[in-house]
$ cat run.csv   # CSV, C-alpha atoms and all ligand atoms
chain,number,residue,atom,x,y,z
W,1,MET,CA,-15.1,-1.9,0.2
W,2,LEU,CA,-12.3,-0.4,-1.8
W,3,ASN,CA,-9.2,1.4,-0.8
W,4,PRO,CA,-10.5,4.5,1.0
W,5,PHE,CA,-7.6,6.5,-0.3
W,6,GLU,CA,-8.1,5.6,-3.9
W,7,LYS,CA,-10.3,8.6,-4.7
W,8,LEU,CA,-8.6,11.1,-2.4
W,9,LYS,CA,-7.3,14.1,-4.4
W,10,ILE,CA,-3.8,14.7,-3.3
W,11,PRO,CA,-2.5,18.3,-3.7
W,12,PRO,CA,1.1,19.2,-4.7
W,13,LYS,CA,3.7,19.7,-2.1
W,14,VAL,CA,3.7,23.2,-0.6
W,15,ASN,CA,6.9,24.4,-2.3
W,16,ASP,CA,5.5,23.3,-5.7
W,17,THR,CA,2.3,25.2,-5.1
W,18,VAL,CA,4.3,28.4,-4.1
W,19,ASN,CA,6.7,28.0,-7.1
W,20,VAL,CA,3.9,27.5,-9.6
W,21,MET,CA,2.1,30.6,-8.2
W,22,LEU,CA,5.3,32.6,-8.4
W,23,LYS,CA,5.6,31.7,-12.1
W,24,ARG,CA,1.9,32.2,-12.7
W,25,LEU,CA,1.8,35.8,-11.3
W,26,PRO,CA,3.3,37.7,-14.3
W,27,LYS,CA,1.0,35.7,-16.6
W,28,ILE,CA,-2.2,36.7,-14.9
W,29,SER,CA,-3.7,39.9,-16.3
W,30,GLY,CA,-6.9,41.8,-15.8
W,31,SER,CA,-9.1,44.6,-17.1
W,32,SER,CA,-7.5,47.0,-14.5
W,33,VAL,CA,-4.8,46.8,-11.9
W,34,LYS,CA,-7.4,46.0,-9.2
W,35,ASP,CA,-8.9,43.3,-11.4
W,36,ARG,CA,-5.5,41.7,-12.1
W,37,GLU,CA,-4.5,41.6,-8.4
W,38,ILE,CA,-7.8,40.1,-7.4
W,39,ARG,CA,-7.5,37.4,-10.0
W,40,ARG,CA,-4.0,36.6,-8.8
W,41,LEU,CA,-5.2,36.2,-5.2
W,42,ARG,CA,-8.2,34.2,-6.4
W,43,GLU,CA,-5.9,31.8,-8.2
W,44,TYR,CA,-3.9,31.4,-5.0
W,45,TYR,CA,-7.1,30.8,-3.1
W,46,GLU,CA,-8.1,28.0,-5.4
W,47,ARG,CA,-4.7,26.3,-5.0
W,48,VAL,CA,-4.8,26.7,-1.2
W,49,GLU,CA,-8.4,25.4,-1.0
W,50,LYS,CA,-7.0,22.0,-2.3
W,51,TYR,CA,-5.2,21.6,1.0
W,52,TYR,CA,-8.3,22.3,2.9
W,53,LYS,CA,-10.4,19.8,0.9
W,54,PHE,CA,-7.6,17.3,1.2
W,55,SER,CA,-7.6,17.6,5.0
W,56,ILE,CA,-11.4,17.3,5.1
W,57,ASP,CA,-11.6,14.4,2.7
W,58,PHE,CA,-8.7,12.4,4.3
W,59,PRO,CA,-10.4,9.2,5.6
W,60,ARG,CA,-11.1,9.3,9.3
W,61,VAL,CA,-8.5,7.1,11.0
W,62,GLU,CA,-11.1,5.8,13.5
W,63,GLU,CA,-13.2,4.4,10.7
W,64,LEU,CA,-10.5,2.6,8.7
W,65,HIS,CA,-10.4,-1.1,8.1
W,66,PRO,CA,-7.7,-2.7,10.3
W,67,PHE,CA,-5.6,-3.5,7.2
W,68,TYR,CA,-5.5,0.2,6.2
W,69,LEU,CA,-5.0,1.4,9.8
W,70,GLU,CA,-2.0,-0.9,10.1
W,71,SER,CA,-0.7,0.2,6.7
W,72,ILE,CA,-0.6,3.8,8.2
W,73,LYS,CA,1.0,2.6,11.4
W,74,ILE,CA,3.8,0.9,9.4
W,75,ILE,CA,4.6,4.3,7.7
W,76,THR,CA,4.0,6.7,10.6
W,77,ASP,CA,2.8,7.4,14.1
W,78,ILE,CA,-1.0,7.8,14.1
W,79,ASN,CA,-0.9,10.7,16.5
W,80,ASP,CA,1.7,12.6,14.4
W,81,LEU,CA,-0.6,12.0,11.4
W,82,LYS,CA,-3.6,13.4,13.3
W,83,ILE,CA,-1.6,16.5,14.4
W,84,CYS,CA,-0.4,17.1,10.8
W,85,LEU,CA,-3.9,16.7,9.4
W,86,SER,CA,-5.2,19.3,11.8
W,87,ILE,CA,-2.3,21.6,11.0
W,88,THR,CA,-3.0,21.2,7.3
W,89,LYS,CA,-6.6,22.1,7.9
W,90,LYS,CA,-5.9,25.0,10.1
W,91,SER,CA,-3.1,26.6,8.0
W,92,SER,CA,-5.2,26.3,4.8
W,93,MET,CA,-8.2,27.9,6.6
W,94,ILE,CA,-6.1,30.8,7.8
W,95,SER,CA,-4.6,31.2,4.4
W,96,MET,CA,-8.0,31.3,2.8
W,97,ARG,CA,-9.2,33.8,5.3
W,98,ILE,CA,-6.3,36.1,4.6
W,99,LEU,CA,-6.9,35.9,0.9
W,100,ARG,CA,-10.6,36.6,1.3
W,101,LYS,CA,-9.8,39.6,3.5
W,102,TYR,CA,-7.3,41.1,1.1
W,103,ILE,CA,-9.5,40.5,-1.9
W,104,SER,CA,-12.3,42.5,-0.3
W,105,GLU,CA,-9.7,45.1,0.9
W,106,ILE,CA,-8.4,45.6,-2.7
W,107,LYS,CA,-12.0,46.1,-3.8
W,108,LYS,CA,-12.4,48.9,-1.3
W,109,GLN,CA,-9.0,50.7,-1.6
W,110,PRO,CA,-7.9,52.9,-4.4
W,111,GLU,CA,-6.3,51.4,-7.5
W,112,SER,CA,-2.9,52.6,-6.5
W,113,GLU,CA,-2.9,50.3,-3.4
W,114,ALA,CA,-3.9,47.2,-5.2
W,115,ASN,CA,-0.5,45.8,-6.1
W,116,LYS,CA,0.9,46.5,-2.6
W,117,LEU,CA,-2.0,44.7,-1.0
W,118,MET,CA,-1.7,41.7,-3.3
W,119,ARG,CA,2.0,41.4,-2.5
W,120,GLU,CA,1.3,41.7,1.2
W,121,ALA,CA,-1.4,38.9,1.0
W,122,PHE,CA,0.9,36.7,-1.1
W,123,GLY,CA,3.7,37.1,1.4
W,124,ARG,CA,1.5,36.4,4.4
W,125,VAL,CA,-0.1,33.3,2.9
W,126,THR,CA,3.2,31.9,1.6
W,127,SER,CA,4.7,32.2,5.0
W,128,VAL,CA,1.7,30.5,6.7
W,129,LEU,CA,2.0,27.6,4.3
W,130,ARG,CA,5.8,27.4,4.5
W,131,ARG,CA,5.7,27.3,8.3
W,132,SER,CA,3.4,24.2,8.1
W,133,SER,CA,5.0,22.7,5.0
W,134,GLN,CA,6.8,19.9,6.8
W,135,CYS,CA,3.5,18.6,8.2
W,136,ILE,CA,1.4,19.2,5.1
W,137,ASP,CA,4.0,17.5,2.9
W,138,LYS,CA,4.2,14.6,5.4
W,139,VAL,CA,0.4,14.0,5.0
W,140,ILE,CA,0.7,14.3,1.3
W,141,SER,CA,3.4,11.6,1.1
W,142,ILE,CA,1.5,9.3,3.4
W,143,ALA,CA,-1.6,9.6,1.3
W,144,GLY,CA,0.5,8.9,-1.8
W,145,GLU,CA,1.8,5.6,-0.3
W,146,LEU,CA,-1.6,4.5,0.8
W,147,ARG,CA,-3.1,5.2,-2.6
W,148,LYS,CA,-0.6,2.6,-4.0
W,149,LEU,CA,-2.5,0.0,-2.1
W,150,LYS,CA,-5.5,0.8,-4.3
W,151,THR,CA,-6.1,-2.7,-5.6
W,152,VAL,CA,-6.5,-4.3,-2.1
W,153,ASP,CA,-10.2,-4.9,-1.5
W,154,PRO,CA,-10.5,-6.3,2.0
W,155,GLU,CA,-13.9,-7.7,1.3
W,156,LEU,CA,-13.1,-9.9,-1.8
W,157,PRO,CA,-12.4,-13.6,-1.3
W,158,THR,CA,-8.7,-13.6,-0.8
W,159,ILE,CA,-5.7,-16.0,-1.0
W,160,ILE,CA,-2.6,-14.6,0.7
W,161,ILE,CA,0.7,-16.1,-0.4
W,162,ALA,CA,3.1,-15.9,2.5
W,163,GLY,CA,6.4,-17.3,3.7
W,164,PRO,CA,10.1,-16.8,4.0
W,165,PRO,CA,12.0,-14.7,1.5
W,166,ASN,CA,13.0,-16.2,-1.9
W,167,VAL,CA,10.7,-19.2,-1.4
W,168,GLY,CA,8.9,-18.7,-4.7
W,169,LYS,CA,5.8,-16.7,-3.6
W,170,SER,CA,5.9,-14.3,-6.5
W,171,THR,CA,6.5,-17.2,-8.9
W,172,LEU,CA,3.4,-19.0,-7.6
W,173,VAL,CA,1.3,-15.8,-7.7
W,174,SER,CA,2.3,-15.2,-11.3
W,175,LYS,CA,1.3,-18.7,-12.3
W,176,ILE,CA,-2.1,-18.8,-10.7
W,177,SER,CA,-3.3,-15.1,-11.1
W,178,THR,CA,-3.3,-12.1,-13.3
W,179,ALA,CA,-0.4,-10.5,-11.3
W,180,LYS,CA,3.0,-10.3,-12.8
W,181,PRO,CA,5.3,-9.5,-9.9
W,182,GLU,CA,9.0,-9.3,-10.1
W,183,ILE,CA,10.8,-12.6,-9.6
W,184,ALA,CA,14.5,-12.8,-8.7
W,185,ASN,CA,16.9,-15.1,-7.0
W,186,TYR,CA,17.5,-13.0,-3.9
W,187,PRO,CA,15.6,-12.3,-0.7
W,188,PHE,CA,13.2,-9.3,-0.4
W,189,THR,CA,12.7,-8.9,-4.2
W,190,THR,CA,9.0,-8.1,-3.3
W,191,LYS,CA,8.8,-5.0,-1.1
W,192,GLU,CA,5.1,-4.2,-1.3
W,193,ILE,CA,1.9,-6.2,-1.4
W,194,HIS,CA,0.9,-7.0,-4.9
W,195,VAL,CA,-2.5,-8.1,-6.0
W,196,GLY,CA,-3.7,-10.3,-8.8
W,197,HIS,CA,-7.0,-12.0,-9.5
W,198,ILE,CA,-8.3,-15.4,-10.5
W,199,ILE,CA,-11.4,-14.5,-12.4
W,200,LEU,CA,-14.4,-16.8,-12.2
W,201,ASN,CA,-17.8,-16.5,-13.8
W,202,ASP,CA,-19.4,-14.4,-11.1
W,203,ILE,CA,-16.6,-13.6,-8.7
W,204,TYR,CA,-13.1,-12.3,-8.5
W,205,ILE,CA,-10.7,-14.1,-6.1
W,206,GLN,CA,-8.0,-11.8,-5.0
W,207,VAL,CA,-4.5,-13.3,-4.8
W,208,ILE,CA,-2.0,-11.4,-2.7
W,209,ASP,CA,1.7,-11.6,-3.1
W,210,THR,CA,3.5,-10.6,0.1
W,211,PRO,CA,7.1,-9.8,0.9
W,212,GLY,CA,9.2,-12.4,2.7
W,213,ILE,CA,9.3,-12.6,6.5
W,214,LEU,CA,12.2,-13.7,8.6
W,215,ASP,CA,11.9,-15.7,11.8
W,216,ARG,CA,12.7,-13.0,14.3
W,217,PRO,CA,10.9,-11.1,17.0
W,218,GLU,CA,8.4,-8.4,16.1
W,219,TYR,CA,10.6,-5.4,17.2
W,220,LYS,CA,13.4,-6.5,14.9
W,221,ARG,CA,11.2,-6.7,11.8
W,222,ASN,CA,11.6,-4.2,9.1
W,223,LYS,CA,8.8,-2.3,7.3
W,224,ILE,CA,8.8,-4.8,4.4
W,225,GLU,CA,8.2,-7.7,6.7
W,226,LYS,CA,5.5,-5.7,8.6
W,227,LYS,CA,3.6,-5.2,5.3
W,228,ALA,CA,3.4,-9.0,4.8
W,229,LEU,CA,2.3,-9.6,8.4
W,230,ASN,CA,-0.4,-6.8,8.0
W,231,ALA,CA,-1.9,-8.8,5.1
W,232,ILE,CA,-1.7,-12.1,7.1
W,233,ARG,CA,-3.3,-10.6,10.2
W,234,ASN,CA,-5.8,-8.1,8.9
W,235,LEU,CA,-7.1,-9.4,5.6
W,236,SER,CA,-9.6,-12.2,5.9
W,237,GLY,CA,-8.7,-15.0,3.6
W,238,ILE,CA,-6.9,-18.2,3.2
W,239,ILE,CA,-3.1,-18.2,3.8
W,240,VAL,CA,-0.8,-20.3,1.6
W,241,PHE,CA,2.3,-20.7,3.6
W,242,MET,CA,5.3,-21.8,1.5
W,243,PHE,CA,8.2,-23.9,2.6
W,244,ASP,CA,11.4,-24.0,0.6
W,245,SER,CA,12.7,-27.6,0.2
W,246,SER,CA,15.8,-26.7,-1.8
W,247,ILE,CA,19.3,-26.6,-0.5
W,248,SER,CA,19.5,-22.9,-1.1
W,249,SER,CA,16.6,-21.9,1.1
W,250,THR,CA,17.1,-18.6,2.9
W,251,LEU,CA,15.8,-19.8,6.2
W,252,SER,CA,16.9,-23.0,8.0
W,253,ILE,CA,14.2,-25.7,8.3
W,254,LYS,CA,13.8,-24.8,12.0
W,255,GLU,CA,13.3,-21.2,11.2
W,256,GLN,CA,10.8,-22.0,8.5
W,257,ILE,CA,8.9,-24.1,11.0
W,258,ASP,CA,9.0,-21.5,13.7
W,259,LEU,CA,7.7,-18.9,11.2
W,260,PHE,CA,4.9,-21.3,10.1
W,261,GLU,CA,4.0,-21.7,13.8
W,262,GLU,CA,3.8,-18.0,14.2
W,263,VAL,CA,1.5,-17.7,11.2
W,264,LEU,CA,-0.5,-20.7,12.5
W,265,SER,CA,-1.1,-18.8,15.7
W,266,THR,CA,-3.3,-16.2,13.8
W,267,ASN,CA,-6.0,-19.0,13.7
W,268,LYS,CA,-6.6,-18.4,10.0
W,269,ILE,CA,-7.1,-21.1,7.5
W,270,ILE,CA,-3.6,-22.0,6.4
W,271,VAL,CA,-2.5,-24.3,3.6
W,272,PRO,CA,1.1,-25.5,3.9
W,273,VAL,CA,2.8,-25.8,0.5
W,274,ILE,CA,6.3,-27.2,0.0
W,275,ASN,CA,7.8,-25.5,-3.0
W,276,LYS,CA,10.8,-26.2,-5.2
W,277,ILE,CA,10.0,-29.9,-5.2
W,278,ASP,CA,11.9,-30.1,-8.5
W,279,GLU,CA,15.1,-29.3,-6.6
W,280,LYS,CA,14.2,-30.8,-3.2
W,281,TYR,CA,17.0,-31.6,-0.9
W,282,ASP,CA,16.0,-34.9,0.8
W,283,GLU,CA,17.3,-34.0,4.3
W,284,TYR,CA,15.3,-30.7,4.3
W,285,TYR,CA,12.3,-32.1,2.6
W,286,ASN,CA,12.1,-35.0,5.0
W,287,LYS,CA,12.3,-32.7,8.0
W,288,ILE,CA,9.4,-30.5,6.6
W,289,ILE,CA,7.1,-33.5,6.0
W,290,GLU,CA,7.9,-35.1,9.3
W,291,TYR,CA,6.9,-31.8,11.0
W,292,LEU,CA,3.7,-31.3,8.9
W,293,ALA,CA,2.7,-35.0,9.5
W,294,SER,CA,3.1,-34.5,13.2
W,295,LYS,CA,0.8,-31.5,13.0
W,296,LYS,CA,-1.8,-33.6,11.2
W,297,VAL,CA,-2.3,-31.0,8.5
W,298,LYS,CA,-2.7,-31.6,4.8
W,299,TRP,CA,0.1,-30.2,2.7
W,300,TYR,CA,0.7,-29.7,-0.9
W,301,GLU,CA,4.0,-30.3,-2.8
W,302,ILE,CA,4.6,-28.1,-5.8
W,303,SER,CA,7.1,-26.6,-8.1
W,304,ALA,CA,5.8,-23.1,-8.8
W,305,GLU,CA,8.4,-22.6,-11.5
W,306,LYS,CA,7.9,-25.9,-13.3
W,307,GLU,CA,4.2,-25.8,-12.7
W,308,ILE,CA,4.0,-29.1,-10.9
W,309,GLY,CA,1.1,-29.7,-8.5
W,310,LEU,CA,-0.6,-26.4,-9.2
W,311,ASN,CA,-3.9,-27.8,-10.3
W,312,GLU,CA,-4.4,-29.8,-7.1
W,313,LEU,CA,-3.4,-26.8,-5.0
W,314,LYS,CA,-5.9,-24.5,-6.8
W,315,GLU,CA,-8.6,-27.1,-6.5
W,316,GLU,CA,-8.1,-27.1,-2.7
W,317,LEU,CA,-8.0,-23.3,-2.5
W,318,PHE,CA,-11.2,-23.1,-4.5
W,319,ASN,CA,-12.9,-25.7,-2.3
W,320,LEU,CA,-11.9,-23.7,0.8
W,321,ILE,CA,-13.2,-20.5,-0.7
W,322,GLY,CA,-16.4,-22.3,-1.6
W,323,VAL,CA,-16.2,-22.1,-5.4
W,324,ASN,CA,-16.1,-24.8,-8.0
W,325,LYS,CA,-13.0,-25.1,-10.2
W,326,THR,CA,-15.1,-25.6,-13.3
W,327,ASN,CA,-16.2,-22.0,-12.9
W,328,GLU,CA,-12.7,-20.8,-13.6
W,329,ILE,CA,-12.6,-19.0,-16.9
W,330,SER,CA,-9.4,-17.2,-17.0
W,331,ARG,CA,-6.3,-16.3,-15.2
W,332,ASN,CA,-5.5,-13.3,-17.4
N,401,LIG,N1,13.9,-24.7,-8.6
N,401,LIG,C1,12.9,-23.9,-8.4
N,401,LIG,N2,13.1,-22.6,-8.3
N,401,LIG,C2,12.0,-21.8,-8.1
N,401,LIG,C3,10.7,-22.3,-7.9
N,401,LIG,N3,9.9,-21.3,-7.7
N,401,LIG,C4,10.6,-20.2,-7.7
N,401,LIG,N4,11.9,-20.5,-7.9
N,401,LIG,C5,13.0,-19.5,-8.0
N,401,LIG,O1,13.3,-19.0,-6.7
N,401,LIG,C6,13.7,-17.6,-6.8
N,401,LIG,C7,12.8,-16.7,-6.0
N,401,LIG,O2,11.5,-16.7,-6.5
N,401,LIG,P1,10.5,-15.6,-6.2
N,401,LIG,O3,9.2,-16.0,-6.8
N,401,LIG,O4,11.0,-14.2,-6.5
N,401,LIG,O5,10.5,-15.7,-4.6
N,401,LIG,P2,9.7,-14.8,-3.5
N,401,LIG,O6,9.3,-15.8,-2.4
N,401,LIG,O7,8.7,-14.0,-4.1
N,401,LIG,O8,10.9,-13.9,-3.0
N,401,LIG,P3,10.8,-12.5,-2.2
N,401,LIG,O9,9.9,-11.6,-2.9
N,401,LIG,O10,12.2,-12.0,-2.3
N,401,LIG,O11,10.4,-12.9,-0.8
N,401,LIG,C8,13.7,-17.3,-8.3
N,401,LIG,O12,15.0,-17.5,-8.8
N,401,LIG,C9,12.7,-18.3,-8.9
N,401,LIG,O13,13.0,-18.6,-10.2
N,401,LIG,C10,10.6,-23.7,-8.0
N,401,LIG,O14,9.5,-24.3,-7.9
N,401,LIG,N5,11.7,-24.5,-8.2
N,402,MG,MG,8.4,-12.0,-4.2

$ encode --input "run.csv" --output "structure tokens"
Amino acid sequence: MLNPFEKLKIPPKVNDTVNVMLKRLPKISGSSVKDREIRRLREYYERVEKYYKFSIDFPRVEELHPFYLESIKIITDINDLKICLSITKKSSMISMRILRKYISEIKKQPESEANKLMREAFGRVTSVLRRSSQCIDKVISIAGELRKLKTVDPELPTIIIAGPPNVGKSTLVSKISTAKPEIANYPFTTKEIHVGHIILNDIYIQVIDTPGILDRPEYKRNKIEKKALNAIRNLSGIIVFMFDSSISSTLSIKEQIDLFEEVLSTNKIIVPVINKIDEKYDEYYNKIIEYLASKKVKWYEISAEKEIGLNELKEELFNLIGVNKTNEISRN
């Protein structure tokens, strides 16, 4: 299943449509005044029809995969969206009806009435659209944001790279997959979910880079953190949870452990990975391994940046996914 918003045709914002139409009017001509005014209204009709089709083609919220449903909830209130979708549909239907009525009226009336009728129709439709423009434009911008998630396929075998900010998630993703996310030495560099692939003979493994998450209650979390949690909770796949063993880690060891516990509570397969082993700070490192040993889980120690321990980690991930490492042909 691909992103249900990927193929959705998103119309221009209302004001843009009206402005384009205003500029187009003097350029539309016809064989007679009647013909010209009908052509003008027909062109408006075609543009308005795009809003109608958009409202009809917008994926039904009830049928969305939980990952996409949650993606909407992060951006907006679902009920507001539903109301705005129905306003988009209704106002475009009313506008289309007005335009049809005036087109047939122009056909019936004398030539001398044609321009007046066209202007009347134009004014009425424009005011219907403008009255609903806040709602229509809202749905348009939500659809635009959702389309950006076009590469997330919730049904591909998936590895989700998660953890605190600045721990090296994007660095790891860039080393093991096709994705080339931005890497920088400050928290919240990654603000969206990014997707790369490890390509094997017959399958694609999706590798998802997520934004950093802080150890704090749900209600305090920002939209960026919520996007990461959405991937963790609603995409099926293996989670690589990264710990930072360097002295400059954004979260304290206790916070890192608490966050790990939270992710653990999702009951997904989780592979703990201690990163920045090249710059490990013994006191921190010891606390992390002491904790992981007490949990009786197998962990991996890597330096994503210096490419230490990556092969062992990949081998484990491939095993968990159920593919053989010898099948790997490329990471580009
Ligand atoms: N010493 C060392 N530094 C690393 C390692 N991996 C990443 N870094 C550095 O850590 C910083 C953060 O790396 P990113 O990959 O952007 O970290 P991130 O977890 O994606 O960060 P956010 O997107 O902000 O959550 C960068 O300066 C990296 O060069 C490592 O293994 N060792
Ligand atoms: Mg990042």

$ residues_around --input "run.csv" --residues "stretch 291-300 of chain W" --least-positions-apart "4" --cutoff "12 Å" --atoms "only C-alpha atoms" --output "ChimeraX atom specification"
/W:240-243,253-254,256-258,260-261,264,269-277,284-287,304,308-317

$ closest_residue --input "run.csv" --among "W:Pro181, W:Gly196, W:Pro110, W:Pro165" --to "W:Leu259" --atoms "all atoms listed in the file"
W:Pro165

$ closest_residue --input "run.csv" --among "W:Leu200, W:Leu117, W:Ile205, W:Leu25" --to "W:Ile238" --atoms "all atoms listed in the file"
W:Ile205

$ residues_near_ligand --input "run.csv" --ligand "ligand MG 402 (chain N)" --cutoff "10 Å" --atoms "all atoms listed in the file" --output "PyMOL selection string"
chain W and resi 161-174+181-194+209-212

$ residues_near_point --input "run.csv" --point "(-9.0, 24.8, -1.1)" --cutoff "10 Å" --atoms "all atoms listed in the file" --output "MDAnalysis selection string"
chainID W and resid 11 44:55 89 92:93 95:96

$ atom_distance --input "run.csv" --atom1 "atom CA of W:Ser133" --atom2 "atom CA of W:Tyr102"
22.5 Å

$ residues_near_point --input "run.csv" --point "(4.3, 31.3, -8.4)" --cutoff "12 Å" --atoms "only C-alpha atoms" --output "number ranges by chain"
W: 14-28, 40-41, 43-44, 47, 119, 122-123, 126

$ atom_distance --input "run.csv" --atom1 "atom C1 of ligand LIG 401 (chain N)" --atom2 "atom CA of W:Ile289"
18.3 Å

$ closest_residue --input "run.csv" --among "W:Thr88, W:Ser32, W:Asn79, W:Ser177" --to "W:Arg131" --atoms "all atoms listed in the file"
W:Thr88

$ atom_distance --input "run.csv" --atom1 "atom CA of W:Asn230" --atom2 "atom CA of W:Lys73"
10.1 Å

$ closest_residue --input "run.csv" --among "W:Ile160, W:Ile288, W:Ala179, W:Val207" --to "W:Ser245" --atoms "only C-alpha atoms"
W:Ile288

$ closest_residue --input "run.csv" --among "W:Lys175, W:Lys180, W:Lys280, W:Lys150" --to "W:Glu6" --atoms "only C-alpha atoms"
W:Lys150

$ decode --input "run.csv" --residues "stretch 112-178 of chain W" --atoms "C-alpha atoms" --output "PDB file, in the first residue's frame"
ATOM      1  CA  SER W 112     -26.992  42.510 -25.110  1.00  0.00           C
ATOM      2  CA  GLU W 113     -27.552  40.744 -21.747  1.00  0.00           C
ATOM      3  CA  ALA W 114     -24.630  38.339 -22.071  1.00  0.00           C
ATOM      4  CA  ASN W 115     -21.874  40.415 -20.510  1.00  0.00           C
ATOM      5  CA  LYS W 116     -24.041  41.522 -17.599  1.00  0.00           C
ATOM      6  CA  LEU W 117     -25.017  37.896 -16.881  1.00  0.00           C
ATOM      7  CA  MET W 118     -21.427  36.717 -17.082  1.00  0.00           C
ATOM      8  CA  ARG W 119     -20.333  39.368 -14.574  1.00  0.00           C
ATOM      9  CA  GLU W 120     -23.201  38.472 -12.275  1.00  0.00           C
ATOM     10  CA  ALA W 121     -22.242  34.776 -12.374  1.00  0.00           C
ATOM     11  CA  PHE W 122     -18.587  35.570 -11.904  1.00  0.00           C
ATOM     12  CA  GLY W 123     -19.356  37.719  -8.857  1.00  0.00           C
ATOM     13  CA  ARG W 124     -21.664  35.185  -7.271  1.00  0.00           C
ATOM     14  CA  VAL W 125     -19.295  32.249  -7.713  1.00  0.00           C
ATOM     15  CA  THR W 126     -16.327  34.250  -6.508  1.00  0.00           C
ATOM     16  CA  SER W 127     -18.149  35.249  -3.356  1.00  0.00           C
ATOM     17  CA  VAL W 128     -19.265  31.640  -2.667  1.00  0.00           C
ATOM     18  CA  LEU W 129     -15.667  30.458  -3.015  1.00  0.00           C
ATOM     19  CA  ARG W 130     -14.199  33.314  -1.006  1.00  0.00           C
ATOM     20  CA  ARG W 131     -16.647  32.720   1.812  1.00  0.00           C
ATOM     21  CA  SER W 132     -15.356  29.139   2.098  1.00  0.00           C
ATOM     22  CA  SER W 133     -11.756  29.883   1.235  1.00  0.00           C
ATOM     23  CA  GLN W 134     -10.409  29.470   4.763  1.00  0.00           C
ATOM     24  CA  CYS W 135     -11.722  25.918   4.884  1.00  0.00           C
ATOM     25  CA  ILE W 136     -10.848  25.005   1.298  1.00  0.00           C
ATOM     26  CA  ASP W 137      -7.313  26.331   1.696  1.00  0.00           C
ATOM     27  CA  LYS W 138      -6.926  24.437   4.950  1.00  0.00           C
ATOM     28  CA  VAL W 139      -7.753  21.125   3.269  1.00  0.00           C
ATOM     29  CA  ILE W 140      -5.356  22.026   0.442  1.00  0.00           C
ATOM     30  CA  SER W 141      -2.460  22.645   2.796  1.00  0.00           C
ATOM     31  CA  ILE W 142      -3.172  19.452   4.803  1.00  0.00           C
ATOM     32  CA  ALA W 143      -3.167  17.432   1.566  1.00  0.00           C
ATOM     33  CA  GLY W 144       0.132  19.082   0.592  1.00  0.00           C
ATOM     34  CA  GLU W 145       1.747  18.057   3.883  1.00  0.00           C
ATOM     35  CA  LEU W 146       0.445  14.509   3.636  1.00  0.00           C
ATOM     36  CA  ARG W 147       1.701  14.129   0.099  1.00  0.00           C
ATOM     37  CA  LYS W 148       5.218  14.830   1.387  1.00  0.00           C
ATOM     38  CA  LEU W 149       5.034  11.463   3.145  1.00  0.00           C
ATOM     39  CA  LYS W 150       4.765   9.854  -0.259  1.00  0.00           C
ATOM     40  CA  THR W 151       7.667   7.509   0.190  1.00  0.00           C
ATOM     41  CA  VAL W 152       6.389   5.779   3.333  1.00  0.00           C
ATOM     42  CA  ASP W 153       4.930   2.416   2.394  1.00  0.00           C
ATOM     43  CA  PRO W 154       3.454   0.915   5.563  1.00  0.00           C
ATOM     44  CA  GLU W 155       3.599  -2.577   4.084  1.00  0.00           C
ATOM     45  CA  LEU W 156       7.288  -2.838   3.190  1.00  0.00           C
ATOM     46  CA  PRO W 157       9.700  -4.525   5.618  1.00  0.00           C
ATOM     47  CA  THR W 158      10.787  -1.586   7.716  1.00  0.00           C
ATOM     48  CA  ILE W 159      13.593  -0.556  10.006  1.00  0.00           C
ATOM     49  CA  ILE W 160      12.798   2.508  12.101  1.00  0.00           C
ATOM     50  CA  ILE W 161      15.749   4.412  13.523  1.00  0.00           C
ATOM     51  CA  ALA W 162      14.668   6.159  16.701  1.00  0.00           C
ATOM     52  CA  GLY W 163      16.067   7.779  19.807  1.00  0.00           C
ATOM     53  CA  PRO W 164      16.903  11.050  21.492  1.00  0.00           C
ATOM     54  CA  PRO W 165      17.885  14.143  19.494  1.00  0.00           C
ATOM     55  CA  ASN W 166      21.439  14.417  18.116  1.00  0.00           C
ATOM     56  CA  VAL W 167      22.252  10.783  18.896  1.00  0.00           C
ATOM     57  CA  GLY W 168      23.330  10.010  15.299  1.00  0.00           C
ATOM     58  CA  LYS W 169      20.122   8.594  13.774  1.00  0.00           C
ATOM     59  CA  SER W 170      20.476  10.396  10.461  1.00  0.00           C
ATOM     60  CA  THR W 171      24.167   9.501  10.289  1.00  0.00           C
ATOM     61  CA  LEU W 172      23.305   5.810  10.678  1.00  0.00           C
ATOM     62  CA  VAL W 173      20.493   6.010   8.114  1.00  0.00           C
ATOM     63  CA  SER W 174      22.847   7.679   5.625  1.00  0.00           C
ATOM     64  CA  LYS W 175      25.421   4.911   6.123  1.00  0.00           C
ATOM     65  CA  ILE W 176      23.131   1.932   5.712  1.00  0.00           C
ATOM     66  CA  SER W 177      20.499   3.135   3.216  1.00  0.00           C
ATOM     67  CA  THR W 178      19.910   5.235   0.120  1.00  0.00           C
TER      68      THR W 178
END
